[in-house]
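Pasted below: model_10.txt, compact mmCIF, C-alpha atoms and all ligand atoms.
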# COMPACT_ATOMS: atom_id res chain seq x y z
CA MET A 1 -35.70 305.71 124.48
CA ALA A 2 -33.73 306.26 127.61
CA THR A 3 -31.10 308.92 127.76
CA ILE A 4 -28.60 308.00 130.43
CA ARG A 5 -27.08 311.09 132.03
CA ASP A 6 -24.75 311.57 134.94
CA VAL A 7 -27.01 314.00 136.76
CA MET A 8 -30.62 313.72 137.86
CA PRO A 9 -33.31 316.09 136.64
CA GLU A 10 -34.05 318.85 139.14
CA PHE A 11 -36.67 318.34 141.84
CA ALA A 12 -37.67 319.99 145.09
CA LEU A 13 -36.49 317.87 148.03
CA TYR A 14 -38.46 317.73 151.27
CA ARG A 15 -37.16 315.90 154.34
CA PRO A 16 -40.02 315.70 156.85
CA THR A 17 -39.38 314.29 160.33
CA GLY A 18 -42.93 313.12 161.05
CA ALA A 19 -45.40 310.87 159.21
CA ALA A 20 -48.11 313.54 159.37
CA ASP A 21 -45.85 316.05 157.61
CA ALA A 22 -44.87 313.45 155.02
CA VAL A 23 -48.51 312.66 154.29
CA GLY A 24 -49.31 316.38 154.11
CA LEU A 25 -46.59 316.89 151.49
CA LEU A 26 -47.63 313.85 149.47
CA ASP A 27 -51.20 315.12 149.48
CA LYS A 28 -50.26 318.70 148.62
CA TYR A 29 -48.19 317.75 145.57
CA GLY A 30 -50.27 314.71 144.51
CA ALA A 31 -49.09 313.07 141.29
CA ASP A 32 -46.09 315.44 141.15
CA ALA A 33 -44.67 313.96 144.38
CA TRP A 34 -42.56 310.83 144.90
CA ALA A 35 -42.10 309.15 148.28
CA MET A 36 -38.51 307.98 148.65
CA ALA A 37 -37.49 305.49 151.34
CA GLY A 38 -34.04 303.88 150.94
CA GLY A 39 -33.75 305.22 147.39
CA GLN A 40 -32.43 301.91 146.02
CA ASP A 41 -35.08 301.85 143.30
CA SER A 42 -36.06 305.53 143.27
CA LEU A 43 -32.60 306.89 142.50
CA ASP A 44 -32.19 304.59 139.51
CA TRP A 45 -35.43 305.91 138.06
CA PHE A 46 -34.26 309.49 138.56
CA LYS A 47 -30.74 308.93 137.24
CA ASP A 48 -32.10 307.24 134.13
CA ARG A 49 -34.46 310.23 133.73
CA ILE A 50 -37.40 307.91 133.16
CA LYS A 51 -39.30 309.24 136.19
CA ARG A 52 -39.14 312.98 136.71
CA PRO A 53 -41.07 313.92 139.85
CA LYS A 54 -41.26 317.64 140.64
CA VAL A 55 -41.15 316.92 144.37
CA VAL A 56 -39.33 314.16 146.26
CA VAL A 57 -40.42 313.46 149.82
CA ASP A 58 -37.45 311.78 151.47
CA LEU A 59 -38.82 309.60 154.29
CA SER A 60 -35.45 308.70 155.78
CA MET A 61 -35.81 311.07 158.76
CA VAL A 62 -39.27 309.83 159.76
CA ASP A 63 -38.19 307.67 162.69
CA GLU A 64 -41.74 306.70 163.66
CA LEU A 65 -41.87 304.58 160.49
CA ARG A 66 -38.99 302.36 161.68
CA GLY A 67 -38.86 299.40 164.01
CA ILE A 68 -40.36 296.01 164.77
CA ARG A 69 -42.90 295.64 167.61
CA PRO A 70 -45.02 292.79 169.01
CA LEU A 71 -48.67 292.98 167.99
CA GLU A 72 -51.29 290.53 169.33
CA GLY A 73 -49.24 287.39 168.81
CA GLY A 74 -47.79 288.75 165.61
CA LEU A 75 -45.54 291.66 164.67
CA GLU A 76 -45.85 295.17 163.32
CA ILE A 77 -42.96 296.24 161.12
CA GLY A 78 -42.50 299.90 160.26
CA ALA A 79 -42.36 300.50 156.51
CA LEU A 80 -38.93 302.15 156.80
CA THR A 81 -37.31 299.19 158.55
CA THR A 82 -34.43 298.00 156.38
CA LEU A 83 -34.38 294.58 154.77
CA SER A 84 -31.25 293.76 156.80
CA GLU A 85 -33.07 294.61 160.03
CA VAL A 86 -36.02 292.43 159.01
CA GLU A 87 -33.69 289.58 158.07
CA ARG A 88 -31.80 289.69 161.37
CA HIS A 89 -34.50 290.56 163.90
CA PRO A 90 -34.81 287.76 166.50
CA GLN A 91 -38.62 287.91 166.62
CA VAL A 92 -38.95 287.83 162.84
CA ARG A 93 -36.58 284.86 162.70
CA ALA A 94 -38.31 283.04 165.54
CA LYS A 95 -41.90 283.54 164.41
CA PHE A 96 -41.84 284.35 160.72
CA SER A 97 -38.59 283.01 159.33
CA LEU A 98 -40.30 283.01 155.93
CA LEU A 99 -40.09 286.80 155.85
CA ALA A 100 -36.55 286.84 157.26
CA GLN A 101 -35.46 284.54 154.44
CA ALA A 102 -37.29 286.52 151.78
CA ALA A 103 -35.75 289.80 152.98
CA GLY A 104 -32.32 288.14 153.08
CA ALA A 105 -32.70 286.90 149.51
CA ALA A 106 -33.25 290.35 147.99
CA ALA A 107 -30.55 292.12 146.00
CA SER A 108 -27.18 292.38 147.77
CA PRO A 109 -26.07 293.05 151.38
CA GLN A 110 -25.39 296.71 150.59
CA ILE A 111 -28.82 297.21 149.04
CA ARG A 112 -30.48 295.38 151.94
CA ASN A 113 -28.73 297.71 154.38
CA ARG A 114 -30.41 300.72 152.74
CA GLY A 115 -33.52 299.28 151.10
CA THR A 116 -36.63 299.14 153.25
CA LEU A 117 -39.42 296.62 153.61
CA GLY A 118 -41.97 299.19 152.40
CA GLY A 119 -39.84 300.13 149.41
CA ASN A 120 -39.18 296.51 148.51
CA ALA A 121 -42.88 295.66 148.58
CA SER A 122 -43.81 298.83 146.68
CA GLN A 123 -41.14 298.76 143.98
CA ASP A 124 -42.13 299.16 140.35
CA SER A 125 -41.73 296.82 137.39
CA ARG A 126 -38.27 295.73 136.21
CA CYS A 127 -39.46 295.20 132.62
CA TRP A 128 -36.51 296.56 130.73
CA TYR A 129 -38.60 298.15 127.97
CA TYR A 130 -40.49 300.18 130.55
CA ARG A 131 -37.39 300.98 132.58
CA SER A 132 -35.59 302.08 129.44
CA GLY A 133 -38.25 304.64 128.66
CA PHE A 134 -40.21 302.87 125.93
CA ASP A 135 -43.74 304.28 125.55
CA CYS A 136 -45.44 300.97 126.35
CA TYR A 137 -48.93 300.53 127.88
CA ARG A 138 -47.55 300.86 131.41
CA ALA A 139 -45.93 304.15 130.42
CA GLY A 140 -49.15 305.46 128.88
CA GLY A 141 -48.54 304.29 125.31
CA HIS A 142 -50.34 301.92 122.99
CA THR A 143 -48.38 298.71 122.84
CA CYS A 144 -46.51 296.12 124.89
CA TYR A 145 -43.05 295.69 123.45
CA ALA A 146 -42.38 292.54 125.47
CA ASP A 147 -45.40 290.71 124.06
CA THR A 148 -44.61 290.80 120.36
CA PRO A 149 -43.14 288.09 118.08
CA VAL A 150 -39.70 289.65 118.55
CA GLY A 151 -40.16 290.74 122.18
CA GLN A 152 -37.52 289.85 124.79
CA ASN A 153 -39.73 288.26 127.42
CA ARG A 154 -37.62 285.67 129.24
CA GLU A 155 -38.32 287.38 132.60
CA HIS A 156 -42.00 288.11 131.98
CA ALA A 157 -45.32 286.64 133.11
CA VAL A 158 -46.77 283.23 132.41
CA PHE A 159 -50.03 283.85 134.27
CA GLY A 160 -52.64 286.61 134.39
CA ALA A 161 -50.88 289.08 132.16
CA GLY A 162 -53.50 291.00 130.18
CA ARG A 163 -52.10 293.90 128.16
CA CYS A 164 -48.94 294.15 130.29
CA VAL A 165 -46.87 291.00 130.80
CA THR A 166 -44.55 292.36 133.47
CA VAL A 167 -44.08 290.54 136.79
CA ASN A 168 -43.92 291.78 140.35
CA PRO A 169 -40.18 291.71 141.16
CA SER A 170 -40.26 291.78 144.97
CA ASP A 171 -38.89 288.98 147.14
CA THR A 172 -40.76 290.05 150.27
CA ALA A 173 -44.14 290.45 148.52
CA PRO A 174 -44.96 286.71 148.28
CA ALA A 175 -43.87 286.18 151.90
CA LEU A 176 -46.15 288.99 153.09
CA ALA A 177 -49.04 287.53 151.08
CA ALA A 178 -48.39 284.03 152.46
CA LEU A 179 -48.35 285.35 156.03
CA ASP A 180 -51.72 287.10 155.56
CA ALA A 181 -50.01 290.41 156.34
CA ARG A 182 -51.95 293.65 156.30
CA MET A 183 -50.50 296.80 154.82
CA VAL A 184 -51.20 300.00 156.75
CA ILE A 185 -51.70 302.99 154.46
CA ARG A 186 -52.06 306.56 155.67
CA SER A 187 -53.36 309.56 153.76
CA VAL A 188 -54.81 312.92 154.83
CA THR A 189 -58.25 311.30 155.01
CA GLY A 190 -57.12 308.67 157.56
CA THR A 191 -55.53 305.25 157.85
CA ARG A 192 -56.70 302.11 156.08
CA GLU A 193 -55.51 298.50 156.18
CA VAL A 194 -55.29 296.41 153.04
CA ALA A 195 -54.61 292.67 152.95
CA ALA A 196 -51.25 292.03 151.29
CA VAL A 197 -52.89 289.89 148.60
CA ASP A 198 -54.95 292.94 147.63
CA TYR A 199 -52.10 295.46 148.04
CA PHE A 200 -50.46 294.11 144.89
CA VAL A 201 -52.43 294.78 141.73
CA GLY A 202 -52.32 293.60 138.13
CA PRO A 203 -53.04 295.45 134.88
CA GLU A 204 -56.72 294.52 135.08
CA ILE A 205 -56.98 296.94 138.03
CA ASP A 206 -54.38 299.55 137.08
CA ILE A 207 -51.82 299.10 134.32
CA THR A 208 -49.67 302.00 135.58
CA ARG A 209 -48.79 300.64 139.03
CA LEU A 210 -48.08 297.38 140.87
CA THR A 211 -49.71 298.32 144.19
CA VAL A 212 -52.86 300.07 145.36
CA LEU A 213 -50.80 303.09 146.50
CA GLY A 214 -52.06 306.24 144.80
CA PRO A 215 -50.98 309.88 145.01
CA GLY A 216 -51.05 311.05 148.62
CA ASP A 217 -50.69 307.52 150.09
CA LEU A 218 -47.94 306.59 152.54
CA LEU A 219 -47.33 302.99 153.54
CA THR A 220 -46.59 303.26 157.26
CA ALA A 221 -46.32 299.65 158.45
CA VAL A 222 -46.91 296.00 157.77
CA ARG A 223 -48.91 294.02 160.33
CA ILE A 224 -48.37 290.27 160.46
CA PRO A 225 -50.98 288.35 162.46
CA GLY A 226 -49.99 285.53 164.82
CA THR A 227 -51.88 282.96 162.73
CA TRP A 228 -48.79 281.60 160.99
CA ALA A 229 -46.25 282.18 163.76
CA GLY A 230 -43.85 279.23 163.92
CA ALA A 231 -45.46 277.44 160.97
CA ASP A 232 -43.44 275.14 158.74
CA PHE A 233 -42.15 277.61 156.16
CA HIS A 234 -40.60 277.22 152.76
CA PHE A 235 -38.97 280.04 150.79
CA GLU A 236 -37.09 279.39 147.62
CA LYS A 237 -35.78 281.76 144.97
CA VAL A 238 -34.47 280.79 141.56
CA ARG A 239 -32.29 283.43 139.90
CA ASP A 240 -29.53 283.57 137.31
CA ARG A 241 -26.84 284.36 139.89
CA GLN A 242 -26.89 284.05 143.64
CA VAL A 243 -26.52 287.71 144.60
CA TRP A 244 -27.66 291.07 143.26
CA ASP A 245 -30.27 289.48 141.07
CA PHE A 246 -34.03 289.38 140.89
CA ALA A 247 -36.03 286.18 141.07
CA LEU A 248 -36.95 284.41 137.90
CA VAL A 249 -39.50 282.61 140.08
CA ASN A 250 -39.75 282.55 143.86
CA ILE A 251 -42.11 280.81 146.24
CA ALA A 252 -43.23 281.53 149.79
CA ALA A 253 -45.22 278.83 151.54
CA ALA A 254 -46.49 278.13 155.05
CA PHE A 255 -47.93 274.88 156.38
CA LEU A 256 -49.78 274.20 159.62
CA PRO A 257 -50.30 270.56 160.63
CA ALA A 258 -53.79 269.15 161.19
CA VAL A 259 -54.77 268.41 164.78
CA GLY A 260 -53.05 265.14 165.67
CA GLY A 261 -50.27 265.79 163.13
CA GLY A 262 -49.50 263.98 159.90
CA ALA A 263 -51.71 265.75 157.41
CA VAL A 264 -51.79 269.38 156.33
CA GLY A 265 -54.19 271.46 158.43
CA ASP A 266 -53.83 274.68 156.49
CA ALA A 267 -51.46 276.06 153.88
CA ARG A 268 -50.53 279.24 152.09
CA ILE A 269 -48.61 279.05 148.82
CA VAL A 270 -47.64 282.15 146.87
CA LEU A 271 -45.53 282.33 143.71
CA ASN A 272 -43.90 285.51 142.46
CA GLY A 273 -42.09 286.32 139.25
CA VAL A 274 -44.78 284.56 137.25
CA ALA A 275 -47.53 287.20 137.13
CA PRO A 276 -47.98 290.95 137.50
CA ARG A 277 -48.84 290.36 141.16
CA PRO A 278 -47.86 287.68 143.66
CA LEU A 279 -49.96 284.66 142.78
CA ARG A 280 -51.69 282.99 145.70
CA LEU A 281 -52.51 279.38 144.81
CA SER A 282 -55.85 279.05 146.61
CA ARG A 283 -56.90 275.94 144.68
CA VAL A 284 -53.68 274.18 145.62
CA GLU A 285 -54.13 275.26 149.24
CA ASP A 286 -57.67 273.80 149.26
CA PHE A 287 -56.41 270.55 147.75
CA LEU A 288 -53.64 270.23 150.35
CA ARG A 289 -55.86 270.44 153.44
CA GLY A 290 -56.09 266.97 154.96
CA LYS A 291 -53.42 265.49 152.68
CA ALA A 292 -50.12 263.95 153.71
CA ARG A 293 -47.06 265.83 152.48
CA ASP A 294 -45.83 262.95 150.34
CA ALA A 295 -44.63 262.50 146.76
CA ALA A 296 -48.08 261.89 145.29
CA THR A 297 -49.52 264.99 146.94
CA ALA A 298 -46.54 267.07 145.84
CA GLU A 299 -46.85 265.93 142.23
CA THR A 300 -50.56 266.76 142.06
CA ALA A 301 -50.03 270.13 143.76
CA GLY A 302 -47.27 270.98 141.28
CA ALA A 303 -49.44 269.99 138.31
CA MET A 304 -52.30 272.13 139.66
CA ALA A 305 -49.94 275.08 140.01
CA ALA A 306 -48.98 274.87 136.33
CA GLN A 307 -52.57 274.79 135.07
CA GLY A 308 -53.66 277.80 133.05
CA ALA A 309 -50.15 278.99 132.28
CA GLU A 310 -49.77 280.99 129.05
CA PRO A 311 -46.05 281.28 128.41
CA LEU A 312 -44.61 283.76 125.92
CA GLN A 313 -41.90 282.90 123.37
CA HIS A 314 -38.98 282.83 125.80
CA ASN A 315 -40.32 282.02 129.25
CA GLY A 316 -41.85 278.54 129.03
CA TYR A 317 -39.22 277.38 131.53
CA LYS A 318 -41.11 279.32 134.24
CA VAL A 319 -44.02 276.89 134.02
CA ALA A 320 -41.74 273.97 134.89
CA LEU A 321 -40.14 276.06 137.64
CA ALA A 322 -43.53 276.90 139.16
CA ARG A 323 -44.58 273.24 139.09
CA ASN A 324 -41.35 272.01 140.66
CA LEU A 325 -41.11 274.76 143.28
CA VAL A 326 -44.63 274.00 144.49
CA ALA A 327 -43.84 270.29 144.65
CA ARG A 328 -40.64 271.01 146.58
CA ALA A 329 -42.49 273.27 149.00
CA VAL A 330 -45.01 270.51 149.73
CA LEU A 331 -42.20 268.04 150.34
CA GLY A 332 -40.09 270.57 152.24
CA THR A 333 -37.05 269.90 150.05
CA GLY A 334 -34.63 272.66 149.07
CA ARG A 335 -35.96 274.65 152.01
CA GLY A 336 -34.30 278.03 152.32
CA HIS A 337 -32.38 277.67 149.08
CA GLY A 338 -31.76 281.06 147.56
CA GLY A 339 -31.69 282.99 150.83
CA GLY A 340 -29.09 285.67 151.41
CA LYS A 341 -25.86 284.14 152.63
CA GLU A 342 -23.33 286.74 151.58
CA ALA A 343 -21.27 288.66 154.09
CA ALA A 344 -22.78 292.01 155.07
C1 LIG A 401 -29.02 295.99 141.52
C2 LIG A 401 -30.32 295.75 142.21
C3 LIG A 401 -30.72 294.45 142.48
C4 LIG A 401 -31.92 294.23 143.13
N1 LIG A 401 -32.31 292.95 143.39
C5 LIG A 401 -33.48 292.72 144.02
C6 LIG A 401 -33.91 291.41 144.33
O1 LIG A 401 -33.22 290.44 144.06
N2 LIG A 401 -35.11 291.27 144.97
C7 LIG A 401 -35.88 292.31 145.30
O2 LIG A 401 -36.95 292.11 145.87
N3 LIG A 401 -35.51 293.56 145.02
C8 LIG A 401 -34.34 293.78 144.40
N4 LIG A 401 -33.94 295.05 144.12
C9 LIG A 401 -34.83 296.13 144.43
C10 LIG A 401 -34.52 296.68 145.79
O3 LIG A 401 -34.47 295.70 146.77
C11 LIG A 401 -35.62 297.57 146.10
O4 LIG A 401 -35.61 298.54 145.11
C12 LIG A 401 -35.46 298.21 147.43
O5 LIG A 401 -35.66 297.26 148.42
C13 LIG A 401 -36.45 299.30 147.56
O6 LIG A 401 -36.40 299.80 148.85
P1 LIG A 401 -36.11 301.31 149.09
O7 LIG A 401 -36.40 301.55 150.52
O8 LIG A 401 -34.77 301.66 148.60
O9 LIG A 401 -37.26 301.99 148.20
P2 LIG A 401 -37.23 303.24 147.27
O10 LIG A 401 -36.34 303.01 146.12
O11 LIG A 401 -37.02 304.48 148.05
O12 LIG A 401 -38.76 303.21 146.80
C14 LIG A 401 -39.23 302.18 145.96
C15 LIG A 401 -40.68 302.51 145.58
O13 LIG A 401 -41.51 302.36 146.71
C16 LIG A 401 -42.18 303.58 147.01
N5 LIG A 401 -42.17 303.68 148.47
C17 LIG A 401 -41.13 303.36 149.28
N6 LIG A 401 -41.50 303.48 150.57
C18 LIG A 401 -42.78 303.91 150.56
C19 LIG A 401 -43.71 304.22 151.59
N7 LIG A 401 -43.40 304.06 152.88
N8 LIG A 401 -44.94 304.64 151.24
C20 LIG A 401 -45.26 304.79 149.94
N9 LIG A 401 -44.43 304.49 148.91
C21 LIG A 401 -43.21 304.06 149.23
C22 LIG A 401 -41.38 304.68 146.31
O14 LIG A 401 -42.21 305.78 146.01
C23 LIG A 401 -40.89 303.94 145.09
O15 LIG A 401 -41.88 303.93 144.10
C24 LIG A 401 -32.73 295.32 143.50
C25 LIG A 401 -32.33 296.62 143.23
C26 LIG A 401 -31.14 296.84 142.59
C27 LIG A 401 -30.70 298.25 142.32
S1 LIG A 402 -44.59 294.09 129.84
FE1 LIG A 402 -45.68 295.90 130.64
S2 LIG A 402 -43.99 297.21 131.28
FE2 LIG A 402 -43.10 295.75 129.81
S3 LIG A 402 -43.30 296.62 127.74
FE3 LIG A 402 -45.13 295.43 128.10
S4 LIG A 402 -46.61 296.97 128.88
FE4 LIG A 402 -44.57 297.81 129.16
In structure tokens, how does this file's structure come out?
Ligand SMILES: Cc1cc2nc3c(=O)[nH]c(=O)nc-3n(C[C@H](O)[C@H](O)[C@H](O)COP(=O)(O)OP(=O)(O)OC[C@H]3O[C@@H](n4cnc5c(N)ncnc54)[C@H](O)[C@@H]3O)c2cc1C
Ligand code: SF4
Amino acid sequence: MATIRDVMPEFALYRPTGAADAVGLLDKYGADAWAMAGGQDSLDWFKDRIKRPKVVVDLSMVDELRGIRPLEGGLEIGALTTLSEVERHPQVRAKFSLLAQAAGAAASPQIRNRGTLGGNASQDSRCWYYRSGFDCYRAGGHTCYADTPVGQNREHAVFGAGRCVTVNPSDTAPALAALDARMVIRSVTGTREVAAVDYFVGPEIDITRLTVLGPGDLLTAVRIPGTWAGADFHFEKVRDRQVWDFALVNIAAAFLPAVGGGAVGDARIVLNGVAPRPLRLSRVEDFLRGKARDAATAETAGAMAAQGAEPLQHNGYKVALARNLVARAVLGTGRGHGGGKEAA
């Protein structure tokens, strides 16, 4: 069980000023090291004494990881760019308003001013058993406390759960997946790019983490191709209260018209909050190509999205939410609902 204290456990703090030094430190200390960006998730883990890294590599002085630059019709966004900067940047708003809306829907204005895009996409599970220090599967134990007859699982997964029924909590993750973004990861052995849909992992790949990042890895940037620039976007987030709250279910969708207009030419639809990783609805996307965005299409797309759901005792409502959010995305209704509108 968690022991809440008013001081954090001791750790060695490093504050590198270059990405190469940061990567060197992460490599040197391996599983004992923790990369900290804005600290909005990290510090809670430390204060609750659930995560006790021996070494914290504070990235906040690594300026080369900040900023938003044009890249072959798209954009490259440094991992340390804050959510507020992403939300407000003119090029993000003009080309990829989906991401601007997703960033603006996360947490609260204060958290968005400190929290970074890389940290938001890489944040860990919010399952309260795990975050309270229970020795569940994700923590290396032998059970899932959320998936028992008495488990509190209102916020948990309805798709693709396996042994762990947690969900990915990030608002920007589904937008990055819908935009076909690529995540740039640097380690001492070099730099690799991973498609956003593959950056997020479920328990079938690794039950102890939500992304492919391993010890020694530093996310340096997110590259968004020009493919979806200016598409017809739809972001919607359903949450219990309109600020400072995680999504129960959110959706990020992009539509390109067919040549000549009218029908759908191509589509990306990604749900989050329903599975351990953002759920790209490839079958729905295939169905939508060539279809008109009308009520009949929306109803079928919504029904397809709900297929295969396996709700737990307390989260059956998420299946209806998934179905209706997909239908609304196809129709373009409720567009932008749930975005951040509070004063900064
Ligand atoms: C009260 C509250 C409400 C919140 N509500 C929401 C919400 O509605 N929606 C939402 O999406 N989020 C929400 N969050 C989460 C918050 O937005 C994220 O925790 C925050 O954006 C993380 O960014 P950060 O830069 O502070 O990351 P940190 O806390 O510093 O890091 C988060 C994780 O990412 C890793 N990491 C960060 N940067 C890198 C990097 N460059 N390379 C490798 N690993 C890295 C860290 O090691 C750590 O595991 C909420 C948080 C709080 C406290
Ligand atoms: S859902 Fe995952 S994180 Fe939560 S108790 Fe079960 S195993 Fe642990």
Separation of atom CA of Ala322 of chain A from atom CA of Phe159 of chain A, in Å and rounded to one decimal =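 One can read the atom CA of Ala322 of chain A to atom CA of Phe159 of chain A distance as 10.7 Å.
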Contacts of segment 226-315 of chain A with segment 86-100 of chain A up to 8 Å, shortest pair per row, all atoms listed in the file, as JSON lines:
{"residue": "A:Trp228", "atom": "CA", "partner": "A:Phe96", "partner_atom": "CA", "distance": 7.5}
{"residue": "A:Ala229", "atom": "CA", "partner": "A:Lys95", "partner_atom": "CA", "distance": 4.6}
{"residue": "A:Gly230", "atom": "CA", "partner": "A:Lys95", "partner_atom": "CA", "distance": 4.8}
{"residue": "A:Ala231", "atom": "CA", "partner": "A:Phe96", "partner_atom": "CA", "distance": 7.8}
{"residue": "A:Phe233", "atom": "CA", "partner": "A:Leu98", "partner_atom": "CA", "distance": 5.7}
{"residue": "A:His234", "atom": "CA", "partner": "A:Leu98", "partner_atom": "CA", "distance": 6.6}
{"residue": "A:Phe235", "atom": "CA", "partner": "A:Leu98", "partner_atom": "CA", "distance": 6.1}
{"residue": "A:Ala252", "atom": "CA", "partner": "A:Leu98", "partner_atom": "CA", "distance": 7.0}
{"residue": "A:Ala253", "atom": "CA", "partner": "A:Leu98", "partner_atom": "CA", "distance": 7.8}
{"residue": "A:Ala254", "atom": "CA", "partner": "A:Leu98", "partner_atom": "CA", "distance": 7.9}
Where is the centre and how long are the edges: axis-aligned box on segment 135-152 of chain A, 6 Å on each side, Å to one decimal, as lines of an AutoDock Vina configuration file:
center_x = -43.9
center_y = 296.8
center_z = 124.7
size_x = 24.8
size_y = 29.4
size_z = 25.3
Considering all atoms listed in the file, give me a table of residues in chain A that are at most 8 Å from ligand LIG 401 (chain A), with the closest atom pair and distance in Å for each, as JSON lines.
{"residue": "A:Trp34", "atom": "CA", "partner": "A:LIG401", "partner_atom": "O14", "distance": 5.2}
{"residue": "A:Ala35", "atom": "CA", "partner": "A:LIG401", "partner_atom": "O14", "distance": 4.1}
{"residue": "A:Met36", "atom": "CA", "partner": "A:LIG401", "partner_atom": "O11", "distance": 3.9}
{"residue": "A:Ala37", "atom": "CA", "partner": "A:LIG401", "partner_atom": "O11", "distance": 3.5}
{"residue": "A:Gly38", "atom": "CA", "partner": "A:LIG401", "partner_atom": "O8", "distance": 3.3}
{"residue": "A:Gly39", "atom": "CA", "partner": "A:LIG401", "partner_atom": "O11", "distance": 3.4}
{"residue": "A:Gln40", "atom": "CA", "partner": "A:LIG401", "partner_atom": "O8", "distance": 3.5}
{"residue": "A:Asp41", "atom": "CA", "partner": "A:LIG401", "partner_atom": "O10", "distance": 3.3}
{"residue": "A:Ser42", "atom": "CA", "partner": "A:LIG401", "partner_atom": "O10", "distance": 3.8}
{"residue": "A:Leu43", "atom": "CA", "partner": "A:LIG401", "partner_atom": "O10", "distance": 6.5}
{"residue": "A:Asp44", "atom": "CA", "partner": "A:LIG401", "partner_atom": "C27", "distance": 7.1}
{"residue": "A:Leu59", "atom": "CA", "partner": "A:LIG401", "partner_atom": "N7", "distance": 7.3}
{"residue": "A:Leu65", "atom": "CA", "partner": "A:LIG401", "partner_atom": "N7", "distance": 7.8}
{"residue": "A:Ala79", "atom": "CA", "partner": "A:LIG401", "partner_atom": "N7", "distance": 5.2}
{"residue": "A:Leu80", "atom": "CA", "partner": "A:LIG401", "partner_atom": "N7", "distance": 6.2}
{"residue": "A:Thr82", "atom": "CA", "partner": "A:LIG401", "partner_atom": "O7", "distance": 7.1}
{"residue": "A:Leu83", "atom": "CA", "partner": "A:LIG401", "partner_atom": "O5", "distance": 7.0}
{"residue": "A:Ala103", "atom": "CA", "partner": "A:LIG401", "partner_atom": "O2", "distance": 7.6}
{"residue": "A:Ala105", "atom": "CA", "partner": "A:LIG401", "partner_atom": "O1", "distance": 6.5}
{"residue": "A:Ala106", "atom": "CA", "partner": "A:LIG401", "partner_atom": "N2", "distance": 3.7}
{"residue": "A:Ala107", "atom": "CA", "partner": "A:LIG401", "partner_atom": "N1", "distance": 3.3}
{"residue": "A:Ser108", "atom": "CA", "partner": "A:LIG401", "partner_atom": "C3", "distance": 6.7}
{"residue": "A:Ile111", "atom": "CA", "partner": "A:LIG401", "partner_atom": "O3", "distance": 6.3}
{"residue": "A:Arg112", "atom": "CA", "partner": "A:LIG401", "partner_atom": "O3", "distance": 6.5}
{"residue": "A:Arg114", "atom": "CA", "partner": "A:LIG401", "partner_atom": "O8", "distance": 6.1}
{"residue": "A:Gly115", "atom": "CA", "partner": "A:LIG401", "partner_atom": "O8", "distance": 3.7}
{"residue": "A:Thr116", "atom": "CA", "partner": "A:LIG401", "partner_atom": "O7", "distance": 3.6}
{"residue": "A:Leu117", "atom": "CA", "partner": "A:LIG401", "partner_atom": "O5", "distance": 6.4}
{"residue": "A:Gly118", "atom": "CA", "partner": "A:LIG401", "partner_atom": "N6", "distance": 4.7}
{"residue": "A:Gly119", "atom": "CA", "partner": "A:LIG401", "partner_atom": "O9", "distance": 3.4}
{"residue": "A:Asn120", "atom": "CA", "partner": "A:LIG401", "partner_atom": "O5", "distance": 3.6}
{"residue": "A:Ala121", "atom": "CA", "partner": "A:LIG401", "partner_atom": "O13", "distance": 7.1}
{"residue": "A:Ser122", "atom": "CA", "partner": "A:LIG401", "partner_atom": "O13", "distance": 4.2}
{"residue": "A:Gln123", "atom": "CA", "partner": "A:LIG401", "partner_atom": "C15", "distance": 4.1}
{"residue": "A:Asp124", "atom": "CA", "partner": "A:LIG401", "partner_atom": "O15", "distance": 6.1}
{"residue": "A:Pro169", "atom": "CA", "partner": "A:LIG401", "partner_atom": "O2", "distance": 5.7}
{"residue": "A:Ser170", "atom": "CA", "partner": "A:LIG401", "partner_atom": "O2", "distance": 3.4}
{"residue": "A:Asp171", "atom": "CA", "partner": "A:LIG401", "partner_atom": "O2", "distance": 3.9}
{"residue": "A:Thr172", "atom": "CA", "partner": "A:LIG401", "partner_atom": "O2", "distance": 6.2}
{"residue": "A:Ala173", "atom": "CA", "partner": "A:LIG401", "partner_atom": "O2", "distance": 7.8}
{"residue": "A:Ile185", "atom": "CA", "partner": "A:LIG401", "partner_atom": "N8", "distance": 7.7}
{"residue": "A:Leu213", "atom": "CA", "partner": "A:LIG401", "partner_atom": "C20", "distance": 6.7}
{"residue": "A:Asp217", "atom": "CA", "partner": "A:LIG401", "partner_atom": "C20", "distance": 6.1}
{"residue": "A:Leu218", "atom": "CA", "partner": "A:LIG401", "partner_atom": "N8", "distance": 3.8}
{"residue": "A:Leu219", "atom": "CA", "partner": "A:LIG401", "partner_atom": "N8", "distance": 3.7}
{"residue": "A:Thr220", "atom": "CA", "partner": "A:LIG401", "partner_atom": "N7", "distance": 5.5}
{"residue": "A:Ala221", "atom": "CA", "partner": "A:LIG401", "partner_atom": "N7", "distance": 7.7}
{"residue": "A:Val243", "atom": "CA", "partner": "A:LIG401", "partner_atom": "O1", "distance": 7.3}
{"residue": "A:Trp244", "atom": "CA", "partner": "A:LIG401", "partner_atom": "C3", "distance": 4.6}
{"residue": "A:Asp245", "atom": "CA", "partner": "A:LIG401", "partner_atom": "O1", "distance": 4.3}
{"residue": "A:Phe246", "atom": "CA", "partner": "A:LIG401", "partner_atom": "O1", "distance": 3.4}
{"residue": "A:Ala247", "atom": "CA", "partner": "A:LIG401", "partner_atom": "O1", "distance": 5.9}
All residues having an atom within 9 Å of ligand LIG 402 (chain A) (only C-alpha atoms and all ligand atoms) as a PyMOL selection string | chain A and resi 125-131+134-147+151+153+156-157+161+163-167+203+207-208+276
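Distance annotation: of A:Met183, A:Val158, A:Ala195, A:Leu281, the residue with the minimal separation from Asn315 of chain A is A:Val158; atom set is all atoms listed in the file.
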